[in-house]
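Have a look at entry_36.cif; it's mmCIF, C-alpha atoms:
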```cif
data_final
loop_
_atom_site.label_atom_id
_atom_site.label_comp_id
_atom_site.auth_asym_id
_atom_site.auth_seq_id
_atom_site.Cartn_x
_atom_site.Cartn_y
_atom_site.Cartn_z
CA MET A 1 11.03 -12.91 -17.89
CA LYS A 2 10.69 -10.06 -15.39
CA VAL A 3 8.72 -8.88 -12.39
CA ASP A 4 7.41 -5.35 -12.84
CA VAL A 5 6.62 -3.53 -9.59
CA VAL A 6 3.78 -1.19 -8.61
CA LEU A 7 4.58 1.08 -5.66
CA GLY A 8 3.04 3.99 -3.80
CA LEU A 9 5.33 7.02 -3.72
CA GLN A 10 3.62 8.89 -0.90
CA TRP A 11 2.05 7.81 2.43
CA GLY A 12 -0.15 5.09 0.95
CA ASP A 13 -3.72 5.40 -0.38
CA GLU A 14 -2.41 6.47 -3.80
CA GLY A 15 -4.75 4.18 -5.74
CA LYS A 16 -2.54 1.11 -6.20
CA GLY A 17 -5.49 -1.30 -6.18
CA LYS A 18 -7.12 0.31 -9.21
CA ILE A 19 -3.87 0.41 -11.17
CA VAL A 20 -2.94 -3.20 -10.40
CA ASP A 21 -6.44 -4.21 -11.52
CA VAL A 22 -6.00 -2.22 -14.77
CA LEU A 23 -2.50 -3.59 -15.45
CA ALA A 24 -3.37 -7.15 -14.42
CA LYS A 25 -4.76 -7.98 -17.86
CA ASN A 26 -1.16 -7.86 -19.12
CA TYR A 27 0.26 -10.11 -16.40
CA PRO A 28 -0.60 -13.76 -15.70
CA VAL A 29 1.01 -13.59 -12.23
CA ILE A 30 0.23 -10.95 -9.55
CA CYS A 31 2.06 -10.88 -6.20
CA ARG A 32 1.67 -9.09 -2.87
CA PHE A 33 5.09 -8.74 -1.27
CA GLN A 34 4.58 -7.01 2.13
CA GLY A 35 2.08 -5.50 4.54
CA GLY A 36 -1.11 -7.00 5.86
CA PRO A 37 -4.77 -6.16 6.44
CA ASN A 38 -3.79 -2.56 7.23
CA ALA A 39 -3.79 -2.15 3.44
CA GLY A 40 -7.01 -1.16 1.69
CA HIS A 41 -6.78 -1.42 -2.09
CA SER A 42 -9.98 -0.08 -3.69
CA LEU A 43 -11.19 -1.27 -7.10
CA ASN A 44 -14.18 0.09 -9.04
CA PHE A 45 -15.67 -1.58 -12.10
CA GLU A 46 -19.08 -2.58 -13.46
CA GLY A 47 -20.67 -0.05 -11.11
CA LYS A 48 -19.36 -1.77 -7.98
CA LYS A 49 -16.63 -1.03 -5.44
CA PHE A 50 -14.36 -3.66 -3.91
CA VAL A 51 -11.77 -3.19 -1.15
CA LEU A 52 -8.97 -5.75 -0.88
CA HIS A 53 -6.78 -6.05 2.21
CA SER A 54 -4.58 -9.13 1.75
CA VAL A 55 -5.68 -10.69 -1.54
CA PRO A 56 -3.70 -9.45 -4.58
CA ALA A 57 -5.68 -7.07 -6.78
CA GLY A 58 -5.47 -9.37 -9.82
CA VAL A 59 -7.99 -11.79 -8.30
CA PHE A 60 -10.87 -10.45 -10.42
CA ARG A 61 -9.00 -11.18 -13.65
CA LYS A 62 -9.54 -14.62 -15.18
CA ASN A 63 -6.56 -16.90 -15.69
CA THR A 64 -4.36 -15.08 -13.16
CA ILE A 65 -2.20 -16.59 -10.46
CA ASN A 66 -2.24 -14.40 -7.34
CA ILE A 67 0.57 -14.97 -4.85
CA VAL A 68 0.49 -13.86 -1.21
CA GLY A 69 4.23 -13.58 -0.65
CA ASN A 70 6.45 -14.40 2.31
CA GLY A 71 6.76 -10.71 3.24
CA VAL A 72 3.03 -10.45 3.98
CA VAL A 73 1.52 -10.85 7.45
CA LEU A 74 -1.84 -12.62 7.33
CA ASP A 75 -4.81 -12.42 9.70
CA PRO A 76 -6.79 -15.64 9.05
CA ILE A 77 -10.10 -14.11 10.19
CA ILE A 78 -9.86 -11.02 8.00
CA PHE A 79 -8.50 -13.07 5.09
CA ARG A 80 -11.42 -15.52 5.32
CA GLU A 81 -13.99 -12.69 5.40
CA GLU A 82 -12.34 -11.03 2.42
CA CYS A 83 -12.23 -14.25 0.40
CA LYS A 84 -15.82 -15.19 1.18
CA GLY A 85 -16.93 -11.76 -0.01
CA ILE A 86 -15.08 -12.33 -3.29
CA GLU A 87 -16.44 -15.88 -3.59
CA ALA A 88 -19.98 -14.50 -3.24
CA LEU A 89 -19.35 -12.67 -6.53
CA GLY A 90 -18.65 -15.96 -8.29
CA VAL A 91 -14.85 -15.59 -8.25
CA PRO A 92 -13.02 -18.91 -7.57
CA VAL A 93 -10.62 -17.49 -4.98
CA THR A 94 -9.07 -20.78 -3.88
CA LYS A 95 -8.12 -21.51 -7.50
CA ARG A 96 -6.64 -18.07 -8.20
CA VAL A 97 -4.77 -17.39 -4.93
CA ILE A 98 -1.77 -19.25 -3.52
CA ILE A 99 -0.12 -18.47 -0.18
CA SER A 100 3.51 -18.60 0.86
CA LYS A 101 4.37 -21.00 3.65
CA LYS A 102 6.72 -18.31 4.95
CA ALA A 103 4.09 -15.56 5.34
CA HIS A 104 3.62 -14.81 9.05
CA LEU A 105 0.35 -15.20 10.94
CA ILE A 106 -1.31 -12.45 12.95
CA LEU A 107 -2.61 -13.95 16.20
CA PRO A 108 -5.47 -12.47 18.27
CA THR A 109 -2.89 -11.58 20.92
CA HIS A 110 -0.91 -9.55 18.37
CA LYS A 111 -3.93 -7.25 18.07
CA ILE A 112 -4.16 -6.95 21.86
CA ILE A 113 -0.47 -6.04 22.08
CA ASP A 114 -0.97 -3.47 19.32
CA ALA A 115 -3.89 -1.82 21.15
CA ALA A 116 -2.16 -1.92 24.56
CA SER A 117 1.07 -0.47 23.18
CA GLU A 118 -0.69 2.32 21.30
CA ALA A 119 -2.85 3.22 24.32
CA SER A 120 0.24 3.46 26.53
CA LYS A 121 1.86 6.08 24.26
CA GLY A 122 -0.70 8.78 24.99
CA LYS A 123 0.07 11.89 22.93
CA THR A 124 2.99 10.14 21.19
CA LYS A 125 0.76 7.61 19.39
CA ILE A 126 1.92 6.73 15.89
CA GLY A 127 -1.59 6.17 14.53
CA SER A 128 -1.55 2.38 14.29
CA THR A 129 -4.48 0.71 12.51
CA LEU A 130 -4.58 -1.72 15.50
CA LYS A 131 -4.57 -4.73 13.14
CA GLY A 132 -1.63 -6.37 14.94
CA ILE A 133 0.79 -5.64 12.09
CA GLY A 134 3.66 -4.18 14.13
CA PRO A 135 3.67 -6.87 16.86
CA THR A 136 3.59 -9.59 14.18
CA TYR A 137 6.64 -8.16 12.43
CA MET A 138 8.29 -7.81 15.86
CA ASP A 139 7.82 -11.53 16.43
CA LYS A 140 9.13 -12.22 12.92
CA THR A 141 12.38 -10.33 13.47
CA GLY A 142 12.54 -11.60 17.07
CA ARG A 143 12.34 -15.17 15.72
CA ASN A 144 9.22 -16.02 17.68
CA GLY A 145 6.56 -15.89 14.96
CA LEU A 146 4.20 -18.46 13.53
CA ARG A 147 4.09 -18.87 9.77
CA VAL A 148 1.36 -20.10 7.45
CA GLY A 149 3.30 -23.31 6.81
CA ASP A 150 3.13 -24.07 10.53
CA ILE A 151 -0.63 -24.70 10.33
CA LEU A 152 0.19 -27.96 8.53
CA ALA A 153 2.34 -29.21 11.44
CA LYS A 154 0.92 -31.82 13.84
CA ASP A 155 1.96 -29.74 16.85
CA PHE A 156 0.58 -26.45 15.52
CA LYS A 157 -1.74 -25.94 18.49
CA ASP A 158 1.22 -26.36 20.86
CA ARG A 159 3.22 -23.78 18.90
CA PHE A 160 0.25 -21.41 19.02
CA ASN A 161 -0.19 -21.81 22.77
CA ALA A 162 3.53 -21.28 23.40
CA LEU A 163 3.49 -17.96 21.54
CA LYS A 164 0.25 -16.91 23.24
CA GLU A 165 1.86 -17.48 26.65
CA LYS A 166 4.82 -15.31 25.64
CA HIS A 167 2.36 -12.61 24.67
CA LYS A 168 0.59 -12.85 28.04
CA ILE A 169 3.89 -12.29 29.83
CA PHE A 170 4.66 -9.32 27.57
CA LEU A 171 1.23 -7.79 28.22
CA LYS A 172 1.78 -7.68 31.99
CA GLN A 173 3.70 -4.41 31.56
CA PHE A 174 0.54 -2.61 30.39
CA ASP A 175 -2.42 -1.32 32.37
CA PHE A 176 -4.86 -2.64 29.79
CA GLN A 177 -7.97 -4.84 29.96
CA TYR A 178 -8.06 -7.78 27.57
CA ASN A 179 -9.26 -11.34 27.02
CA THR A 180 -6.81 -13.55 25.13
CA GLU A 181 -9.44 -16.25 24.55
CA GLU A 182 -12.11 -13.97 23.04
CA HIS A 183 -11.38 -14.58 19.34
CA GLU A 184 -9.36 -17.79 19.57
CA LYS A 185 -12.05 -20.24 18.36
CA GLU A 186 -12.95 -18.02 15.41
CA TRP A 187 -9.24 -17.68 14.60
CA MET A 188 -8.72 -21.46 14.63
CA ASP A 189 -11.76 -21.93 12.38
CA ALA A 190 -10.26 -19.38 9.97
CA VAL A 191 -6.94 -21.26 10.05
CA ASN A 192 -8.82 -24.34 8.84
CA TYR A 193 -10.22 -22.23 6.01
CA LEU A 194 -6.66 -21.34 4.98
CA LYS A 195 -6.02 -25.02 4.36
CA LYS A 196 -8.34 -24.85 1.33
CA PHE A 197 -5.65 -22.86 -0.48
CA GLN A 198 -2.42 -24.03 -2.04
CA ILE A 199 0.21 -23.31 0.61
CA VAL A 200 3.52 -23.34 -1.22
CA ASP A 201 7.19 -22.43 -1.21
CA SER A 202 6.29 -19.30 -3.15
CA GLU A 203 9.87 -18.30 -3.92
CA TYR A 204 10.27 -21.53 -5.92
CA GLU A 205 6.85 -21.19 -7.54
CA LEU A 206 7.36 -17.58 -8.63
CA ASN A 207 10.80 -18.23 -10.08
CA LYS A 208 9.38 -21.22 -11.92
CA TYR A 209 6.63 -19.05 -13.42
CA LEU A 210 9.22 -16.47 -14.48
CA LYS A 211 10.75 -18.97 -16.91
CA THR A 212 7.73 -18.44 -19.17
CA LYS A 213 5.61 -15.63 -17.66
CA ASN A 214 5.95 -11.99 -16.63
CA ALA A 215 4.67 -11.01 -13.19
CA LEU A 216 3.48 -7.87 -11.45
CA ALA A 217 4.41 -7.22 -7.81
CA GLU A 218 2.00 -5.13 -5.75
CA GLY A 219 3.19 -3.09 -2.80
CA ALA A 220 1.06 -1.94 0.13
CA GLN A 221 1.22 1.38 2.01
CA GLY A 222 3.72 3.85 0.46
CA THR A 223 7.41 4.69 0.19
CA LEU A 224 7.24 7.43 2.84
CA LEU A 225 6.02 4.83 5.35
CA ASP A 226 8.98 2.51 4.79
CA VAL A 227 10.43 1.22 8.07
CA ASP A 228 13.95 2.33 7.07
CA PHE A 229 13.39 5.36 4.84
CA GLY A 230 10.13 6.85 6.11
CA ALA A 231 9.76 9.45 8.87
CA TYR A 232 10.63 7.04 11.68
CA PRO A 233 8.93 6.19 14.04
CA PHE A 234 5.77 7.25 12.16
CA VAL A 235 6.14 4.38 9.68
CA THR A 236 4.79 0.93 8.97
CA SER A 237 6.70 -2.22 10.00
CA SER A 238 7.79 -3.51 6.59
CA SER A 239 9.87 -2.51 3.58
CA THR A 240 7.50 -0.69 1.23
CA ILE A 241 10.12 0.16 -1.41
CA CYS A 242 11.18 -1.76 -4.52
CA ALA A 243 13.87 -3.65 -2.60
CA GLY A 244 11.05 -5.08 -0.47
CA ALA A 245 9.73 -6.91 -3.54
CA CYS A 246 12.97 -8.92 -3.62
CA THR A 247 12.94 -9.88 0.06
CA GLY A 248 9.15 -10.22 0.20
CA LEU A 249 8.96 -12.65 -2.73
CA GLY A 250 12.35 -14.35 -2.92
CA LEU A 251 13.55 -12.56 -6.05
CA SER A 252 16.97 -11.64 -7.37
CA PRO A 253 17.25 -7.88 -8.06
CA LEU A 254 18.13 -8.90 -11.62
CA LYS A 255 14.53 -10.07 -12.04
CA ILE A 256 13.06 -6.59 -11.48
CA GLY A 257 11.80 -4.97 -14.69
CA LYS A 258 9.72 -1.80 -14.84
CA VAL A 259 8.94 0.11 -11.67
CA TYR A 260 5.61 1.93 -11.72
CA GLY A 261 5.44 4.76 -9.18
CA ILE A 262 1.92 5.85 -8.24
CA PHE A 263 1.16 9.25 -6.72
CA LYS A 264 -1.83 11.48 -6.17
CA ALA A 265 -1.89 14.94 -7.74
CA TYR A 266 -2.02 16.14 -4.14
CA CYS A 267 -0.99 14.43 -0.87
CA THR A 268 -2.81 12.56 1.87
CA ARG A 269 -1.72 10.86 5.05
CA VAL A 270 -3.44 8.75 7.71
CA GLY A 271 -2.19 8.83 11.28
CA ALA A 272 0.47 10.88 13.02
CA GLY A 273 3.80 12.06 11.62
CA PRO A 274 5.27 14.93 9.60
CA PHE A 275 3.32 16.27 6.63
CA PRO A 276 5.02 19.43 5.30
CA THR A 277 2.28 20.50 2.85
CA GLU A 278 -0.70 19.68 5.08
CA LEU A 279 -3.72 21.97 4.70
CA LEU A 280 -5.72 22.61 7.84
CA ASP A 281 -8.11 25.07 6.19
CA LYS A 282 -11.19 24.89 3.98
CA THR A 283 -9.06 23.91 0.98
CA GLY A 284 -7.83 20.85 2.86
CA GLU A 285 -11.39 19.96 3.80
CA GLU A 286 -12.51 20.40 0.18
CA LEU A 287 -9.78 17.98 -0.94
CA ARG A 288 -10.95 15.51 1.70
CA GLN A 289 -14.60 15.68 0.72
CA ARG A 290 -14.18 15.80 -3.06
CA GLY A 291 -11.53 13.06 -2.96
CA CYS A 292 -13.51 10.87 -0.51
CA GLU A 293 -10.37 10.81 1.58
CA PHE A 294 -11.39 8.40 4.29
CA GLY A 295 -9.41 5.24 5.03
CA ALA A 296 -10.59 2.16 3.10
CA THR A 297 -9.55 -0.01 6.06
CA THR A 298 -10.17 2.22 9.09
CA GLY A 299 -12.65 4.81 7.82
CA ARG A 300 -10.51 7.50 9.43
CA PRO A 301 -10.44 10.91 7.69
CA ARG A 302 -7.16 11.39 5.87
CA ARG A 303 -5.01 14.46 6.32
CA THR A 304 -4.72 16.37 3.04
CA GLY A 305 -2.22 18.76 1.46
CA TRP A 306 -0.56 20.00 -1.73
CA LEU A 307 1.76 17.90 -3.89
CA ASP A 308 5.30 17.58 -2.48
CA ILE A 309 8.04 17.45 -5.15
CA PRO A 310 11.05 16.91 -2.79
CA ALA A 311 9.30 13.89 -1.26
CA LEU A 312 8.48 12.49 -4.71
CA LYS A 313 12.09 12.91 -5.87
CA TYR A 314 13.20 11.04 -2.76
CA ALA A 315 10.76 8.18 -3.44
CA ILE A 316 11.78 7.96 -7.10
CA MET A 317 15.45 7.78 -6.09
CA LEU A 318 14.84 4.97 -3.58
CA ASN A 319 12.75 2.88 -5.96
CA GLY A 320 14.36 3.41 -9.36
CA VAL A 321 10.99 4.42 -10.81
CA THR A 322 10.80 4.06 -14.59
CA SER A 323 7.21 5.20 -15.12
CA LEU A 324 4.88 7.49 -13.16
CA ILE A 325 1.12 7.09 -12.73
CA MET A 326 -0.83 10.14 -11.53
CA MET A 327 -4.11 9.71 -9.68
CA LYS A 328 -7.04 11.94 -8.68
CA ALA A 329 -6.17 15.24 -10.37
CA ASP A 330 -9.91 15.34 -11.13
CA VAL A 331 -10.47 16.06 -7.41
CA MET A 332 -9.02 19.55 -8.00
CA ASP A 333 -11.18 20.37 -11.04
CA THR A 334 -12.94 23.26 -9.30
CA PHE A 335 -9.89 24.91 -7.76
CA ASP A 336 -8.93 28.42 -8.91
CA LYS A 337 -5.32 28.05 -7.74
CA ILE A 338 -3.20 24.96 -7.11
CA LYS A 339 0.10 24.87 -5.27
CA VAL A 340 3.07 22.49 -5.46
CA ALA A 341 5.92 22.37 -2.95
CA VAL A 342 9.22 22.60 -4.85
CA ALA A 343 11.60 22.85 -1.86
CA TYR A 344 11.65 23.09 1.93
CA LYS A 345 13.00 25.50 4.48
CA VAL A 346 14.21 23.31 7.34
CA ASP A 347 14.98 25.32 10.45
CA GLY A 348 15.33 28.33 8.15
CA GLN A 349 17.70 26.69 5.62
CA LYS A 350 16.42 26.01 2.08
CA THR A 351 16.86 22.42 0.85
CA ASP A 352 15.44 19.95 -1.64
CA ARG A 353 16.19 16.97 0.63
CA VAL A 354 13.84 15.15 2.97
CA PRO A 355 15.31 15.76 6.44
CA TYR A 356 16.39 12.99 8.79
CA ASP A 357 14.91 14.73 11.83
CA THR A 358 11.26 13.71 12.06
CA TYR A 359 10.58 16.64 14.37
CA ALA A 360 12.36 19.33 12.33
CA LYS A 361 10.42 22.48 11.55
CA ILE A 362 9.67 22.23 7.82
CA GLU A 363 8.26 25.11 5.80
CA PRO A 364 7.34 24.28 2.18
CA VAL A 365 8.38 26.57 -0.66
CA TYR A 366 5.51 26.69 -3.16
CA LYS A 367 5.01 27.29 -6.86
CA GLU A 368 1.46 28.30 -7.78
CA PHE A 369 -0.52 27.18 -10.82
CA LYS A 370 -3.76 28.35 -12.35
CA GLY A 371 -6.52 25.76 -11.95
CA TRP A 372 -7.82 24.00 -15.09
CA LYS A 373 -11.51 24.41 -14.16
CA LYS A 374 -12.66 21.50 -16.32
CA ASP A 375 -14.20 18.14 -15.48
CA LEU A 376 -11.27 15.79 -16.15
CA SER A 377 -13.48 12.73 -15.65
CA LYS A 378 -14.98 13.45 -19.09
CA CYS A 379 -11.58 13.22 -20.79
CA LYS A 380 -11.03 10.08 -22.84
CA LYS A 381 -7.55 10.75 -24.20
CA ASP A 382 -4.48 12.89 -23.59
CA SER A 383 -5.52 15.52 -26.12
CA ASP A 384 -8.77 16.17 -24.21
CA PHE A 385 -6.89 17.68 -21.27
CA PRO A 386 -7.20 21.46 -20.80
CA ALA A 387 -4.07 23.57 -21.32
CA ALA A 388 -3.69 24.41 -17.63
CA TYR A 389 -3.68 20.72 -16.69
CA LYS A 390 -1.16 19.92 -19.43
CA GLN A 391 1.07 22.62 -17.93
CA TYR A 392 0.74 20.98 -14.50
CA ILE A 393 1.73 17.60 -15.98
CA SER A 394 4.69 19.04 -17.89
CA PHE A 395 6.01 20.81 -14.81
CA ILE A 396 5.88 17.62 -12.72
CA GLU A 397 7.62 15.57 -15.44
CA LYS A 398 10.35 18.17 -15.81
CA GLU A 399 10.94 18.30 -12.05
CA LEU A 400 10.93 14.52 -11.55
CA GLN A 401 12.69 13.54 -14.80
CA VAL A 402 10.39 10.53 -15.19
CA PRO A 403 7.47 10.34 -17.66
CA ILE A 404 3.87 10.26 -16.44
CA SER A 405 2.64 7.41 -18.61
CA VAL A 406 -0.78 6.75 -17.07
CA ILE A 407 -3.33 9.20 -15.68
CA SER A 408 -6.44 8.28 -13.73
CA VAL A 409 -9.40 10.65 -14.11
CA GLY A 410 -11.87 8.82 -11.89
CA PRO A 411 -12.30 5.74 -9.69
CA ASP A 412 -13.59 3.33 -12.33
CA ARG A 413 -11.37 0.89 -14.20
CA SER A 414 -12.43 2.57 -17.47
CA GLN A 415 -11.35 6.05 -16.31
CA THR A 416 -7.70 5.44 -17.06
CA ILE A 417 -5.74 7.20 -19.80
CA VAL A 418 -2.52 5.63 -21.09
CA ARG A 419 -0.30 8.40 -22.47
CA LYS A 420 2.63 6.22 -23.53
CA LYS A 421 1.88 2.58 -24.18
CA GLN A 422 3.25 0.33 -21.40
CA LYS A 423 3.85 -3.39 -21.81
CA ALA A 424 5.09 -6.04 -19.43
CA SER A 425 8.88 -5.81 -19.24
CA LYS A 426 10.92 -8.21 -21.39
CA ARG A 427 14.36 -6.76 -20.88
#
```

Can the structure in the file be given as structure tokens, please?
Amino acid sequence: MKVDVVLGLQWGDEGKGKIVDVLAKNYPVICRFQGGPNAGHSLNFEGKKFVLHSVPAGVFRKNTINIVGNGVVLDPIIFREECKGIEALGVPVTKRVIISKKAHLILPTHKIIDAASEASKGKTKIGSTLKGIGPTYMDKTGRNGLRVGDILAKDFKDRFNALKEKHKIFLKQFDFQYNTEEHEKEWMDAVNYLKKFQIVDSEYELNKYLKTKNALAEGAQGTLLDVDFGAYPFVTSSSTICAGACTGLGLSPLKIGKVYGIFKAYCTRVGAGPFPTELLDKTGEELRQRGCEFGATTGRPRRTGWLDIPALKYAIMLNGVTSLIMMKADVMDTFDKIKVAVAYKVDGQKTDRVPYDTYAKIEPVYKEFKGWKKDLSKCKKDSDFPAAYKQYISFIEKELQVPISVISVGPDRSQTIVRKKQKASKR
């Protein structure tokens, strides 16, 4: 059996939570393979909205196993709050979610380091969510981190204190006010809450499940924020691409099946960094307001812009995308004209490649389309789409050479149109 992968192809916020929730009915096992509480996966169904940060988006589906993989970084306080909110809805979280022993823990001092480091950068800030993600991954690669499995050790408190002292020494370089004890008791209480869950060697468990079950792996953030292939240093601290599912879950590449690439019909970005098609005019503001483009985790207004074909081609290449899922075209229902970037001029030279130089001067080359001027949210099937929107779809498919198999026409679970039937991979 295979693990199919759901990935964001832009700068995150593409709508992965909704799509994982929709697809989850076909998969008995759902896995998160990287990221942490900087993720905000929004789900809408039965007239309610839910935002998940660390819990896999299959948790609302009965009879699912939801794995928090080794590539995830976990904040016990945020995780407890999230789970208690889900429990209040009658969902048996502790029975549906299992946690990898090898997932790393975000300490209160990681958040302090994050805030101190970001404050020290002044105008060169990268736009961190200040959730302690980067410092936690730094400790992971620096071989200093604490992992979820460590909470079961008799000397866990000693290990915690040793890392906290290292953090205090590190913080001396910053002119920053902080209190390392402020959230410690609450954090320790939340650690005890974690012990209610099955804490397992998830790589063994997942590969055991794959003998009889298909699984769906859920990525956080987006391809263009990948620590290696994004616009460094304006990136996240983990591998957001398909290869990250292998290292973040303990999978052989041979186990990867379908790769679903999710993108918005336009672009958004949170935080600093290059954004070639960004709109700083009334059109950009209209996209923001109509699309409710405010961070699910931070509440920050998202930067908005036109669709970027060179960036999508790059993301498809990196991930081996087999099927595209387009989100939020309904946001542009009222637009008279819609633009798509089909190439760049980088320092005056035309190219279809994403440049290495984060600070290069990039000018998008646009193709213009006539707006469809119809409420797409009323469409129930492919044939309901207006001709102008069908033209937009066909152009994107021709450019990207990958079929758009699913189209979202609204936030609710029911507002999802499957154009070509997709099943869990068996190849």

Exercise. Select, from A:Gly71, A:Gly90, A:Gly244, A:Gly348, the residue with the minimum atom-to-atom distance to Ile133 in chain A, counting all atoms listed in the file.
Key: A:Gly71

Exercise. Kindly indicate which residue among A:Pro233, A:Pro364, A:Gly69, A:Gly12 lies nearest to Val340 in chain A, using only C-alpha atoms for the distances.
Key: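 Of A:Pro233, A:Pro364, A:Gly69, A:Gly12, the one nearest Val340 in chain A, counting only C-alpha atoms, is A:Pro364.
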
Quiz item: Between A:Val409, A:Val22, A:Thr240, A:Lys345, which one has atoms that come closest to Lys381 in chain A, using only C-alpha atoms?
Solution: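 Among A:Val409, A:Val22, A:Thr240, A:Lys345, it is A:Val409 that comes nearest to Lys381 in chain A.
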
Quiz item: Taking only C-alpha atoms into account, which of A:Ile407, A:Val6, A:Leu171, A:Val72 comes nearest Ser239 in chain A?
Solution: A:Val72

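Take the candidates A:Val29, A:Phe275, A:Phe174, A:Ala220 and check each one against Ser120 in chain A using only C-alpha atoms; the shortest distance goes to A:Phe174.
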
Taking the file as shown, find all residues satisfying the PyMOL selection byres ((chain A and resi 1) around 7) and write them as a tab-separated table (two decimals) with C-alpha atoms, in the coordinates of the input.
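The resulting file, result17.tsv, is shown below:
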```
chain	number	residue	atom	x	y	z
A	2	LYS	CA	10.69	-10.06	-15.39
A	210	LEU	CA	9.22	-16.47	-14.48
A	211	LYS	CA	10.75	-18.97	-16.91
A	212	THR	CA	7.73	-18.44	-19.17
A	213	LYS	CA	5.61	-15.63	-17.66
A	214	ASN	CA	5.95	-11.99	-16.63
A	426	LYS	CA	10.92	-8.21	-21.39
```

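If you look at CA of Ser238 in chain A and CA of Ile98 in chain A, they are 21.0 Å away from each other.
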
Practice problem: Name the residues in contact with Cys31 in chain A at a cut-off of 9 Å, using all atoms listed in the file, excluding same-chain residues fewer than 5 positions from it; report them as a list in words. | Solution: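 That gives Pro56, Ala57, Gly58, Ile65, Asn66, Ile67, Val68, Gly69, Leu206, Ala215, Leu216, Ala217, Glu218, Gly219 and Leu249 of chain A.
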
Quiz prompt | Two-atom distance - CA of Val91 in chain A, CA of Val51 in chain A (Å) | solution =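 Going from CA of Val91 in chain A over to CA of Val51 in chain A covers 14.6 Å.
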
Practice problem: Tell me, as a list in words, which residues lie within 12 Å of Phe229 in chain A, counting only C-alpha atoms; anything in the same chain fewer than 6 positions away does not count. | Solution: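 What passes the distance filter is Leu9, Gln10, Trp11, Gly222, Thr223, Val235, Thr236, Ser237, Ser238, Ser239, Thr240, Ile241, Cys242, Ala243, Gly244, Ala311, Tyr314, Ala315, Met317, Leu318, Asn319, Val354, Pro355, Tyr356, Asp357 and Thr358 of chain A.
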
Using the partial input, fill out range 339-350 of chain A with N, CA and C atoms; write the result as a PDB file, in the frame of the given file.
```pdb
ATOM      1  N   LYS A 339      -1.292  24.693  -5.669  1.00  0.00           N
ATOM      2  CA  LYS A 339       0.100  24.870  -5.270  1.00  0.00           C
ATOM      3  C   LYS A 339       0.850  23.541  -5.291  1.00  0.00           C
ATOM      4  N   VAL A 340       2.172  23.652  -5.512  1.00  0.00           N
ATOM      5  CA  VAL A 340       3.070  22.490  -5.460  1.00  0.00           C
ATOM      6  C   VAL A 340       4.303  22.909  -4.673  1.00  0.00           C
ATOM      7  N   ALA A 341       4.689  22.099  -3.697  1.00  0.00           N
ATOM      8  CA  ALA A 341       5.920  22.370  -2.950  1.00  0.00           C
ATOM      9  C   ALA A 341       7.117  21.958  -3.796  1.00  0.00           C
ATOM     10  N   VAL A 342       8.048  22.884  -4.013  1.00  0.00           N
ATOM     11  CA  VAL A 342       9.220  22.600  -4.850  1.00  0.00           C
ATOM     12  C   VAL A 342      10.507  22.509  -4.035  1.00  0.00           C
ATOM     13  N   ALA A 343      10.438  22.919  -2.763  1.00  0.00           N
ATOM     14  CA  ALA A 343      11.600  22.850  -1.860  1.00  0.00           C
ATOM     15  C   ALA A 343      11.076  23.021  -0.441  1.00  0.00           C
ATOM     16  N   TYR A 344      11.982  22.865   0.529  1.00  0.00           N
ATOM     17  CA  TYR A 344      11.650  23.090   1.930  1.00  0.00           C
ATOM     18  C   TYR A 344      12.581  24.158   2.511  1.00  0.00           C
ATOM     19  N   LYS A 345      12.112  24.788   3.567  1.00  0.00           N
ATOM     20  CA  LYS A 345      13.000  25.500   4.480  1.00  0.00           C
ATOM     21  C   LYS A 345      12.971  24.718   5.788  1.00  0.00           C
ATOM     22  N   VAL A 346      14.103  24.121   6.131  1.00  0.00           N
ATOM     23  CA  VAL A 346      14.210  23.310   7.340  1.00  0.00           C
ATOM     24  C   VAL A 346      15.021  24.103   8.360  1.00  0.00           C
ATOM     25  N   ASP A 347      14.357  24.466   9.426  1.00  0.00           N
ATOM     26  CA  ASP A 347      14.980  25.320  10.450  1.00  0.00           C
ATOM     27  C   ASP A 347      15.611  26.552   9.802  1.00  0.00           C
ATOM     28  N   GLY A 348      14.894  27.103   8.803  1.00  0.00           N
ATOM     29  CA  GLY A 348      15.330  28.330   8.150  1.00  0.00           C
ATOM     30  C   GLY A 348      16.247  28.164   6.965  1.00  0.00           C
ATOM     31  N   GLN A 349      16.768  26.942   6.719  1.00  0.00           N
ATOM     32  CA  GLN A 349      17.700  26.690   5.620  1.00  0.00           C
ATOM     33  C   GLN A 349      16.967  26.011   4.450  1.00  0.00           C
ATOM     34  N   LYS A 350      17.095  26.567   3.240  1.00  0.00           N
ATOM     35  CA  LYS A 350      16.420  26.010   2.080  1.00  0.00           C
ATOM     36  C   LYS A 350      17.121  24.727   1.613  1.00  0.00           C
TER      37      LYS A 350
END
```
